[in-house]
file protein_13.txt (compact mmCIF, C-alpha atoms)
# COMPACT_ATOMS: atom_id res chain seq x y z
CA MET A 149 -26.39 16.68 -15.49
CA THR A 150 -28.83 15.15 -13.00
CA ASP A 151 -30.82 17.36 -10.64
CA THR A 152 -28.71 16.20 -7.67
CA ALA A 153 -25.43 16.86 -9.49
CA ALA A 154 -26.68 20.30 -10.50
CA LEU A 155 -27.68 21.00 -6.89
CA LEU A 156 -24.22 20.04 -5.60
CA ALA A 157 -22.60 22.23 -8.24
CA ALA A 158 -24.84 25.17 -7.32
CA VAL A 159 -24.43 24.72 -3.55
CA PRO A 160 -20.84 23.46 -3.06
CA GLY A 161 -21.06 23.37 0.74
CA LEU A 162 -23.75 20.71 0.50
CA ALA A 163 -21.30 18.01 -0.59
CA ARG A 164 -19.90 17.55 2.92
CA HIS A 165 -23.37 16.53 4.12
CA LEU A 166 -23.60 13.54 1.75
CA ARG A 167 -23.80 10.18 3.50
CA PRO A 168 -23.45 6.73 1.94
CA ALA A 169 -26.61 4.65 2.00
CA THR A 170 -27.99 1.40 0.65
CA LEU A 171 -31.57 1.16 -0.56
CA LEU A 172 -32.66 -2.45 -0.03
CA HIS A 173 -35.56 -2.63 -2.53
CA PRO A 174 -37.14 -5.69 -0.82
CA TYR A 175 -39.44 -7.94 -2.77
CA ALA A 176 -41.64 -10.71 -1.43
CA VAL A 177 -40.54 -14.32 -1.77
CA ARG A 178 -43.44 -16.65 -2.31
CA GLY A 179 -43.34 -19.98 -0.56
CA GLY A 180 -40.45 -19.40 1.81
CA ALA A 181 -36.95 -17.98 2.06
CA PRO A 182 -34.77 -16.40 -0.64
CA ALA A 183 -32.94 -18.90 -2.85
CA ASP A 184 -29.52 -18.03 -1.38
CA PRO A 185 -29.60 -18.67 2.40
CA ALA A 186 -26.45 -16.56 2.85
CA ALA A 187 -27.89 -13.48 1.16
CA SER A 188 -29.14 -10.35 2.88
CA ARG A 189 -32.89 -10.47 3.46
CA ILE A 190 -35.90 -9.25 5.37
CA GLY A 191 -37.51 -11.84 7.66
CA GLY A 192 -37.05 -15.45 6.65
CA PRO A 193 -35.35 -18.37 8.42
CA ALA A 194 -33.50 -17.78 11.67
CA GLU A 195 -29.80 -18.35 12.30
CA TRP A 196 -27.98 -18.24 15.62
CA PRO A 197 -24.72 -19.39 17.22
CA PRO A 198 -25.19 -23.02 18.32
CA GLY A 199 -25.58 -23.36 22.07
CA GLU A 200 -26.49 -19.72 22.66
CA PRO A 201 -30.03 -18.93 23.90
CA TRP A 202 -32.38 -17.13 21.54
CA PRO A 203 -32.99 -13.50 22.62
CA HIS A 204 -36.23 -12.64 24.41
CA CYS A 205 -37.96 -9.40 25.41
CA THR A 206 -39.03 -8.98 29.03
CA ALA A 207 -40.49 -5.47 28.68
CA ARG A 208 -44.11 -4.53 29.30
CA HIS A 209 -46.43 -4.88 26.30
CA PRO A 210 -49.43 -2.54 26.72
CA GLU A 211 -51.69 -4.32 24.21
CA GLU A 212 -51.08 -7.66 25.89
CA GLU A 213 -51.96 -6.23 29.29
CA ASP A 214 -55.06 -4.53 27.91
CA ALA A 215 -56.29 -7.93 26.69
CA LEU A 216 -56.24 -9.39 30.21
CA PRO A 217 -59.45 -9.43 32.27
CA ARG A 218 -59.66 -6.32 34.45
CA ARG A 219 -60.06 -8.43 37.56
CA ALA A 220 -56.78 -10.23 36.89
CA PRO A 221 -53.82 -9.23 39.07
CA GLU A 222 -50.91 -7.35 37.54
CA PRO A 223 -49.22 -9.90 35.25
CA PRO A 224 -45.65 -10.86 36.01
CA THR A 225 -43.07 -9.98 33.37
CA ALA A 226 -42.88 -12.89 30.94
CA ALA A 227 -40.36 -13.29 28.16
CA THR A 228 -41.44 -13.01 24.53
CA ALA A 229 -39.15 -14.39 21.83
CA LEU A 230 -37.80 -11.83 19.39
CA VAL A 231 -38.30 -12.39 15.66
CA PRO A 232 -35.81 -11.83 12.80
CA LEU A 233 -36.40 -8.53 11.02
CA ALA A 234 -33.34 -8.29 8.76
CA ARG A 235 -30.12 -10.11 7.90
CA ILE A 236 -27.50 -7.84 6.36
CA ARG A 237 -24.13 -8.95 4.96
CA ALA A 238 -21.26 -6.50 5.35
CA GLU A 239 -20.57 -6.49 1.59
CA ASP A 240 -24.10 -5.23 0.92
CA ALA A 241 -23.64 -2.18 3.18
CA PRO A 242 -19.88 -1.68 3.68
CA HIS A 243 -20.44 1.88 4.92
CA LEU A 244 -22.20 0.80 8.13
CA PRO A 245 -20.19 1.17 11.36
CA ARG A 246 -19.67 -2.29 12.85
CA PRO A 247 -17.51 -3.92 15.52
CA PRO A 248 -14.17 -5.32 14.30
CA GLY A 249 -14.24 -8.95 13.20
CA THR A 250 -17.93 -9.03 12.29
CA ASP A 251 -19.32 -9.50 8.79
CA LEU A 252 -23.04 -9.80 9.46
CA LEU A 253 -25.75 -7.75 11.15
CA GLN A 254 -28.91 -9.40 12.40
CA VAL A 255 -31.73 -7.08 13.39
CA LEU A 256 -34.29 -8.65 15.73
CA TRP A 257 -37.34 -7.04 17.24
CA CYS A 258 -40.10 -7.77 19.68
CA PRO A 259 -43.32 -7.89 17.62
CA ASN A 260 -45.27 -5.76 20.08
CA ASP A 261 -45.64 -2.07 20.88
CA HIS A 262 -43.66 -0.63 23.78
CA ASP A 263 -44.04 2.67 25.57
CA ASP A 264 -41.37 2.34 28.24
CA ILE A 265 -38.10 1.82 26.36
CA GLN A 266 -35.43 3.55 28.42
CA GLY A 267 -34.20 6.82 26.97
CA GLU A 268 -36.77 7.00 24.15
CA ARG A 269 -39.01 10.07 24.17
CA TYR A 270 -42.49 9.86 22.71
CA TYR A 271 -41.80 6.40 21.28
CA TYR A 272 -44.49 3.77 20.85
CA GLY A 273 -43.45 0.80 18.74
CA PRO A 274 -41.43 -2.42 18.67
CA ALA A 275 -38.27 -2.93 20.71
CA VAL A 276 -35.23 -3.48 18.45
CA GLU A 277 -31.94 -5.31 19.02
CA LEU A 278 -28.83 -5.33 16.82
CA HIS A 279 -26.58 -8.38 16.78
CA TRP A 280 -23.21 -7.97 15.03
CA GLN A 281 -21.91 -11.45 14.27
CA ARG A 282 -19.73 -13.61 12.03
CA ALA A 283 -21.69 -15.60 9.46
CA ALA A 284 -19.34 -18.55 9.95
CA ASP A 285 -20.41 -18.80 13.61
CA LEU A 286 -24.12 -19.24 12.82
CA ALA A 287 -26.28 -22.26 12.13
CA PRO A 288 -29.98 -22.67 11.26
CA ALA A 289 -32.12 -22.12 14.34
CA THR A 290 -35.73 -22.63 15.34
CA PRO A 291 -36.61 -19.88 17.81
CA PRO A 292 -39.70 -20.34 19.99
CA PRO A 293 -42.78 -18.53 18.74
CA PRO A 294 -43.46 -15.18 20.44
CA ARG A 295 -45.68 -15.53 23.49
CA HIS A 296 -47.64 -12.57 22.19
CA SER A 297 -47.31 -10.66 18.92
CA ALA A 298 -49.06 -8.00 16.87
CA PRO A 299 -49.58 -9.47 13.37
CA GLU A 300 -48.40 -6.26 11.69
CA TYR A 301 -44.94 -6.76 13.21
CA LEU A 302 -44.34 -10.25 11.80
CA PRO A 303 -42.18 -9.85 8.66
CA ARG A 304 -42.89 -11.78 5.49
CA PRO A 305 -39.77 -13.32 3.90
CA CYS A 306 -38.30 -10.88 1.38
CA ALA A 307 -35.20 -10.89 -0.76
CA VAL A 308 -33.43 -7.58 -1.44
CA ARG A 309 -31.76 -5.79 -4.36
CA PRO A 310 -29.16 -3.52 -2.71
CA GLU A 311 -28.53 -0.18 -4.40
CA HIS A 312 -25.69 2.05 -3.18
CA LEU A 313 -26.05 5.84 -3.31
CA LEU A 314 -25.09 9.07 -1.59
CA ASP A 315 -27.93 10.47 0.49
CA LEU A 316 -28.76 14.12 1.14
CA PRO A 317 -30.36 15.23 4.43
CA ASP A 318 -33.69 16.84 5.14
CA ARG A 319 -33.54 20.64 5.32
CA ASP A 320 -33.87 20.43 9.12
CA GLU A 321 -30.43 18.79 9.28
CA LEU A 322 -28.72 21.61 7.35
CA PRO A 323 -27.30 24.92 8.59
CA GLU A 324 -29.68 27.78 7.90
CA GLU A 325 -27.63 29.21 5.03
CA LEU A 326 -27.47 25.87 3.20
CA ALA A 327 -31.15 25.14 3.87
CA ARG A 328 -32.08 28.44 2.27
CA ALA A 329 -29.78 27.81 -0.71
CA VAL A 330 -31.17 24.35 -1.48
CA ALA A 331 -34.74 25.63 -1.21
CA GLU A 332 -33.97 28.47 -3.64
CA PHE A 333 -32.30 26.06 -6.09
CA ALA A 334 -35.25 23.68 -5.96
CA GLU A 335 -37.71 26.51 -6.53
CA ARG A 336 -35.78 27.69 -9.62
CA GLN A 337 -35.95 24.17 -11.01
CA GLY A 338 -39.65 23.77 -10.27
CA LEU A 339 -38.83 21.07 -7.73
CA GLU A 340 -39.34 20.47 -4.02
CA TYR A 341 -36.15 19.73 -2.12
CA GLU A 342 -37.59 17.25 0.41
CA ARG A 343 -39.62 15.33 -2.15
CA ASP A 344 -37.35 15.49 -5.22
CA LEU A 345 -33.77 15.99 -4.02
CA GLY A 346 -33.42 15.24 -0.31
CA ARG A 347 -33.00 11.94 1.47
CA ALA A 348 -34.01 8.75 -0.34
CA ASP A 349 -37.23 7.01 0.70
CA GLY A 350 -37.73 3.29 1.32
CA TRP A 351 -36.07 0.49 3.25
CA LYS A 352 -32.62 1.95 3.74
CA LEU A 353 -29.31 1.26 5.49
CA GLY A 354 -27.37 4.36 6.52
CA GLY A 355 -27.99 7.74 4.95
CA TRP A 356 -30.29 10.30 6.54
CA PRO A 357 -33.67 10.00 8.30
CA SER A 358 -36.87 11.84 7.41
CA TRP A 359 -38.41 14.36 9.80
CA HIS A 360 -41.61 14.80 7.82
CA CYS A 361 -43.92 14.49 10.86
CA THR A 362 -41.90 16.29 13.52
CA ASP A 363 -39.17 18.85 13.87
CA LEU A 364 -35.66 17.47 14.04
CA ILE A 365 -35.25 15.32 17.15
CA PRO A 366 -31.54 14.79 17.91
CA ILE A 367 -30.93 11.18 18.95
CA ASP A 368 -28.01 10.98 21.37
CA CYS A 369 -26.28 7.91 22.76
CA ARG A 370 -25.86 7.44 26.48
CA CYS A 371 -22.12 8.10 25.89
CA GLY A 372 -22.98 11.57 24.60
CA ALA A 373 -22.29 10.95 20.88
CA ARG A 374 -24.85 12.02 18.28
CA MET A 375 -26.25 8.80 16.82
CA VAL A 376 -26.42 8.12 13.09
CA LEU A 377 -29.13 6.37 11.11
CA LEU A 378 -28.57 2.65 10.67
CA LEU A 379 -31.89 1.38 9.30
CA THR A 380 -35.16 2.77 7.99
CA VAL A 381 -38.13 0.37 8.02
CA GLU A 382 -40.83 1.71 5.72
CA SER A 383 -44.49 0.82 5.94
CA GLY A 384 -45.93 1.43 2.51
CA GLU A 385 -48.99 0.35 0.61
CA ASP A 386 -47.62 -3.04 -0.48
CA PRO A 387 -49.04 -5.57 2.04
CA ASP A 388 -46.06 -7.88 1.46
CA LEU A 389 -43.57 -5.23 2.53
CA SER A 390 -45.50 -3.14 5.04
CA LEU A 391 -44.62 -3.61 8.71
CA GLY A 392 -46.36 -1.88 11.56
CA ARG A 393 -48.87 0.95 11.56
CA HIS A 394 -46.31 3.67 11.00
CA GLY A 395 -44.79 5.43 8.00
CA GLU A 396 -41.11 5.02 8.91
CA LEU A 397 -39.31 3.48 11.84
CA HIS A 398 -35.73 4.72 12.26
CA VAL A 399 -33.06 2.73 14.07
CA PHE A 400 -30.03 4.78 15.11
CA VAL A 401 -26.61 3.50 16.17
CA CYS A 402 -23.71 5.03 18.08
CA PRO A 403 -20.83 5.91 15.71
CA VAL A 404 -18.32 5.51 18.55
CA ASP A 405 -19.40 2.02 19.58
CA PRO A 406 -22.15 0.30 17.53
CA ALA A 407 -22.63 -2.18 20.38
CA HIS A 408 -24.26 0.56 22.50
CA PRO A 409 -28.08 0.40 22.79
CA VAL A 410 -29.93 1.62 19.72
CA GLY A 411 -31.94 4.82 19.40
CA LEU A 412 -35.46 4.68 17.96
CA ASP A 413 -37.81 7.13 16.29
CA ILE A 414 -41.07 6.80 14.38
CA GLN A 415 -42.31 9.21 11.73
CA GLY A 416 -45.95 8.22 11.24
call {"tool": "encode", "arguments": {"input": "protein_13.txt", "output": "structure tokens"}}
result
Amino acid sequence: MTDTAALLAAVPGLARHLRPATLLHPYAVRGGAPADPAASRIGGPAEWPPGEPWPHCTARHPEEEDALPRRAPEPPTAATALVPLARIRAEDAPHLPRPPGTDLLQVLWCPNDHDDIQGERYYYGPAVELHWQRAADLAPATPPPPRHSAPEYLPRPCAVRPEHLLDLPDRDELPEELARAVAEFAERQGLEYERDLGRADGWKLGGWPSWHCTDLIPIDCRCGARMVLLLTVESGEDPDLSLGRHGELHVFVCPVDPAHPVGLDIQG
């Protein structure tokens, strides 16, 4: 019996907190895009519905403003083209909530830090957009280069090896009685719940977020629903896979309507 199976057997109430997740296991593609242009991927070539304008960010970018001469007047808001972060086929993450009739998720982001994203507390990082689409409606596209970008937010093309699993939450997400029970089980086994048994680390779709740098911060949608984790972007030691200056960026989505604006959190 695996440690996780033994934990679920010892703490039966924990099973209802399992969430489906997909670990992406990205790996760098030298010389360009993954061999299959229809496959899920990180970065890589852009696709967009023909005739539709490419999305741009018009928010304030503090680093860009800091680079301007101090004598310059306040710069007008200027659009910066978003860049593709991830392309996810529905069959690679069938557990994700998505609008009816869509079979593809494109995650785009503005490759700059932001400190004024509406509704986000204590957030300083890239702005993120989700686009739920039909693959049949897309064609190769050449978006304009970003007017300004931080190099650490420009993804290298990566293919992925999706792995499906059931994810357990951090202790902060559990009722007190269950949190105490899982900690006692882990101690008896000579393990640490968060490190050895709790939520899976890495680039991940769905599942549970980590709260290793802060206490639990509930992320609520403007409609009042508690948001669920959609994507974890991990910055590790591999320079081909590391994005940003942060440990984990979490993108949350509304379970009632995934078209609502995303929620964002960074665990540095």
call {"tool": "closest_residue", "arguments": {"input": "protein_13.txt", "among": "A:Cys258, A:Ala153, A:Cys369, A:Ala348", "to": "His408 of chain A", "atoms": "only C-alpha atoms"}}
result
A:Cys369
call {"tool": "closest_residue", "arguments": {"input": "protein_13.txt", "among": "A:Leu286, A:Ala154, A:Ala241, A:Val404", "to": "Arg309 of chain A", "atoms": "all atoms listed in the file"}}
result
A:Ala241
call {"tool": "closest_atom_pairs", "arguments": {"input": "protein_13.txt", "of": "segment 281-399 of chain A", "to": "segment 155-168 of chain A", "cutoff": "6 Å", "atoms": "all atoms listed in the file", "output": "JSON lines"}}
result
{"residue": "A:Leu313", "atom": "CA", "partner": "A:Pro168", "partner_atom": "CA", "distance": 5.9}
{"residue": "A:Leu314", "atom": "CA", "partner": "A:Pro168", "partner_atom": "CA", "distance": 4.5}
{"residue": "A:Asp315", "atom": "CA", "partner": "A:Arg167", "partner_atom": "CA", "distance": 5.1}
{"residue": "A:Leu316", "atom": "CA", "partner": "A:Leu166", "partner_atom": "CA", "distance": 5.2}
{"residue": "A:Gly355", "atom": "CA", "partner": "A:Arg167", "partner_atom": "CA", "distance": 5.1}
call {"tool": "atom_distance", "arguments": {"input": "protein_13.txt", "atom1": "atom CA of Val399 of chain A", "atom2": "atom CA of Pro317 of chain A"}}
result
16.0 Å
call {"tool": "atom_distance", "arguments": {"input": "protein_13.txt", "atom1": "atom CA of Pro201 of chain A", "atom2": "atom CA of Leu253 of chain A"}}
result
17.5 Å
call {"tool": "closest_residue", "arguments": {"input": "protein_13.txt", "among": "A:Asp405, A:Glu300, A:Glu325, A:Glu335", "to": "Arg246 of chain A", "atoms": "all atoms listed in the file"}}
result
A:Asp405
call {"tool": "axis_aligned_box", "arguments": {"input": "protein_13.txt", "around": "segment 246-250 of chain A", "padding_each_side": "4 Å", "output": "lines of an AutoDock Vina configuration file"}}
result
center_x = -16.9
center_y = -5.7
center_z = 13.9
size_x = 13.5
size_y = 14.7
size_z = 11.2
call {"tool": "residues_near_point", "arguments": {"input": "protein_13.txt", "point": "(-39.0, 26.5, 14.9)", "cutoff": "10 Å", "atoms": "only C-alpha atoms", "output": "PyMOL selection string"}}
result
chain A and resi 320+363-364
call {"tool": "atom_distance", "arguments": {"input": "protein_13.txt", "atom1": "atom CA of Leu256 of chain A", "atom2": "atom CA of Pro366 of chain A"}}
result
23.7 Å
call {"tool": "residues_around", "arguments": {"input": "protein_13.txt", "residues": "Glu268 of chain A", "least_positions_apart": "6", "cutoff": "8 Å", "atoms": "only C-alpha atoms", "output": "list in words"}}
result
Gly411, Leu412 and Asp413 of chain A
call {"tool": "closest_residue", "arguments": {"input": "protein_13.txt", "among": "A:Gly350, A:Pro274, A:Pro210, A:Pro197", "to": "Ser383 of chain A", "atoms": "all atoms listed in the file"}}
result
A:Gly350
call {"tool": "closest_residue", "arguments": {"input": "protein_13.txt", "among": "A:Ala298, A:Ala287, A:Val177, A:Ile414", "to": "Thr228 of chain A", "atoms": "only C-alpha atoms"}}
result
A:Ala298
call {"tool": "residues_around", "arguments": {"input": "protein_13.txt", "residues": "segment 189-196 of chain A", "least_positions_apart": "3", "cutoff": "7 Å", "atoms": "all atoms listed in the file", "output": "JSON, numbers by chain"}}
result
{"A": [181, 232, 233, 234, 235, 236, 286, 287, 288, 289, 290, 303, 304, 305, 306, 307, 308]}
call {"tool": "residues_around", "arguments": {"input": "protein_13.txt", "residues": "Ser358 of chain A", "least_positions_apart": "6", "cutoff": "9 Å", "atoms": "all atoms listed in the file", "output": "list in words"}}
result
Pro317, Asp318, Glu342, Arg347, Ala348, Asp349, Leu364, Glu396, His398 and Gln415 of chain A
call {"tool": "decode", "arguments": {"input": "protein_13.txt", "residues": "segment 308-321 of chain A", "atoms": "all heavy atoms", "output": "compact mmCIF listing (two decimals), in the first residue's frame"}}
result
# COMPACT_ATOMS: atom_id res chain seq x y z
N VAL A 308 4.84 18.87 -23.17
CA VAL A 308 4.42 18.40 -21.84
C VAL A 308 4.13 16.90 -21.88
O VAL A 308 3.82 16.34 -22.93
CB VAL A 308 3.17 19.17 -21.34
CG1 VAL A 308 3.47 20.66 -21.18
CG2 VAL A 308 2.00 18.97 -22.28
N ARG A 309 4.24 16.28 -20.70
CA ARG A 309 3.88 14.87 -20.53
C ARG A 309 2.80 14.82 -19.44
O ARG A 309 3.10 14.66 -18.26
CB ARG A 309 5.09 14.04 -20.09
CG ARG A 309 6.25 14.02 -21.06
CD ARG A 309 7.32 13.03 -20.59
NE ARG A 309 8.51 13.07 -21.42
CZ ARG A 309 9.59 13.81 -21.15
NH1 ARG A 309 9.60 14.57 -20.05
NH2 ARG A 309 10.64 13.80 -21.93
N PRO A 310 1.53 14.95 -19.81
CA PRO A 310 0.48 15.03 -18.79
C PRO A 310 0.38 13.75 -17.95
O PRO A 310 0.44 12.64 -18.48
CB PRO A 310 -0.79 15.24 -19.62
CG PRO A 310 -0.32 15.76 -20.93
CD PRO A 310 1.00 15.12 -21.17
N GLU A 311 0.25 13.95 -16.65
CA GLU A 311 0.06 12.85 -15.71
C GLU A 311 -1.14 13.17 -14.83
O GLU A 311 -1.17 14.18 -14.14
CB GLU A 311 1.31 12.67 -14.82
CG GLU A 311 1.13 11.62 -13.73
CD GLU A 311 2.20 11.68 -12.65
OE1 GLU A 311 3.09 12.53 -12.73
OE2 GLU A 311 2.10 10.87 -11.70
N HIS A 312 -2.15 12.30 -14.85
CA HIS A 312 -3.36 12.52 -14.06
C HIS A 312 -3.20 11.91 -12.67
O HIS A 312 -2.65 10.82 -12.52
CB HIS A 312 -4.57 11.91 -14.77
CG HIS A 312 -4.79 12.45 -16.15
ND1 HIS A 312 -5.00 13.78 -16.40
CD2 HIS A 312 -4.80 11.83 -17.36
CE1 HIS A 312 -5.15 13.96 -17.70
NE2 HIS A 312 -5.03 12.80 -18.30
N LEU A 313 -3.71 12.61 -11.66
CA LEU A 313 -3.64 12.12 -10.29
C LEU A 313 -4.74 12.77 -9.47
O LEU A 313 -5.44 13.67 -9.95
CB LEU A 313 -2.27 12.43 -9.68
CG LEU A 313 -1.95 13.90 -9.36
CD1 LEU A 313 -0.95 13.98 -8.23
CD2 LEU A 313 -1.40 14.62 -10.59
N LEU A 314 -4.89 12.28 -8.24
CA LEU A 314 -5.78 12.90 -7.27
C LEU A 314 -4.93 13.63 -6.25
O LEU A 314 -4.01 13.05 -5.66
CB LEU A 314 -6.67 11.84 -6.60
CG LEU A 314 -7.69 11.17 -7.52
CD1 LEU A 314 -8.40 10.04 -6.80
CD2 LEU A 314 -8.69 12.20 -8.05
N ASP A 315 -5.24 14.91 -6.05
CA ASP A 315 -4.39 15.79 -5.26
C ASP A 315 -5.00 16.01 -3.88
O ASP A 315 -6.22 16.19 -3.75
CB ASP A 315 -4.27 17.13 -6.00
CG ASP A 315 -2.99 17.88 -5.68
OD1 ASP A 315 -2.02 17.23 -5.25
OD2 ASP A 315 -2.97 19.11 -5.86
N LEU A 316 -4.15 16.00 -2.86
CA LEU A 316 -4.56 16.30 -1.50
C LEU A 316 -4.20 17.74 -1.15
O LEU A 316 -3.19 18.27 -1.62
CB LEU A 316 -3.88 15.35 -0.52
CG LEU A 316 -4.41 13.91 -0.48
CD1 LEU A 316 -3.45 13.02 0.29
CD2 LEU A 316 -5.79 13.88 0.16
N PRO A 317 -4.99 18.38 -0.30
CA PRO A 317 -4.74 19.80 0.02
C PRO A 317 -3.66 19.99 1.07
O PRO A 317 -3.27 19.07 1.79
CB PRO A 317 -6.09 20.27 0.56
CG PRO A 317 -6.67 19.05 1.18
CD PRO A 317 -6.23 17.90 0.32
N ASP A 318 -3.17 21.23 1.17
CA ASP A 318 -2.36 21.63 2.31
C ASP A 318 -3.19 21.50 3.59
O ASP A 318 -4.44 21.55 3.55
CB ASP A 318 -1.91 23.09 2.15
CG ASP A 318 -0.54 23.21 1.49
OD1 ASP A 318 0.06 22.17 1.18
OD2 ASP A 318 -0.09 24.35 1.30
N ARG A 319 -2.51 21.41 4.72
CA ARG A 319 -3.23 21.30 6.00
C ARG A 319 -4.12 22.51 6.24
O ARG A 319 -5.18 22.39 6.87
CB ARG A 319 -2.24 21.13 7.15
CG ARG A 319 -1.64 19.74 7.27
CD ARG A 319 -0.68 19.66 8.44
NE ARG A 319 -1.32 20.05 9.69
CZ ARG A 319 -0.68 20.23 10.83
NH1 ARG A 319 0.64 20.11 10.88
NH2 ARG A 319 -1.33 20.56 11.94
N ASP A 320 -3.72 23.68 5.76
CA ASP A 320 -4.52 24.89 5.98
C ASP A 320 -5.91 24.79 5.37
O ASP A 320 -6.82 25.51 5.78
CB ASP A 320 -3.80 26.11 5.40
CG ASP A 320 -2.62 26.56 6.24
OD1 ASP A 320 -2.40 25.96 7.30
OD2 ASP A 320 -1.92 27.49 5.83
N GLU A 321 -6.07 23.94 4.35
CA GLU A 321 -7.36 23.80 3.68
C GLU A 321 -8.29 22.83 4.41
O GLU A 321 -9.47 22.72 4.07
CB GLU A 321 -7.15 23.28 2.25
CG GLU A 321 -6.26 24.13 1.38
CD GLU A 321 -7.01 25.19 0.61
OE1 GLU A 321 -8.19 25.42 0.90
OE2 GLU A 321 -6.39 25.80 -0.29
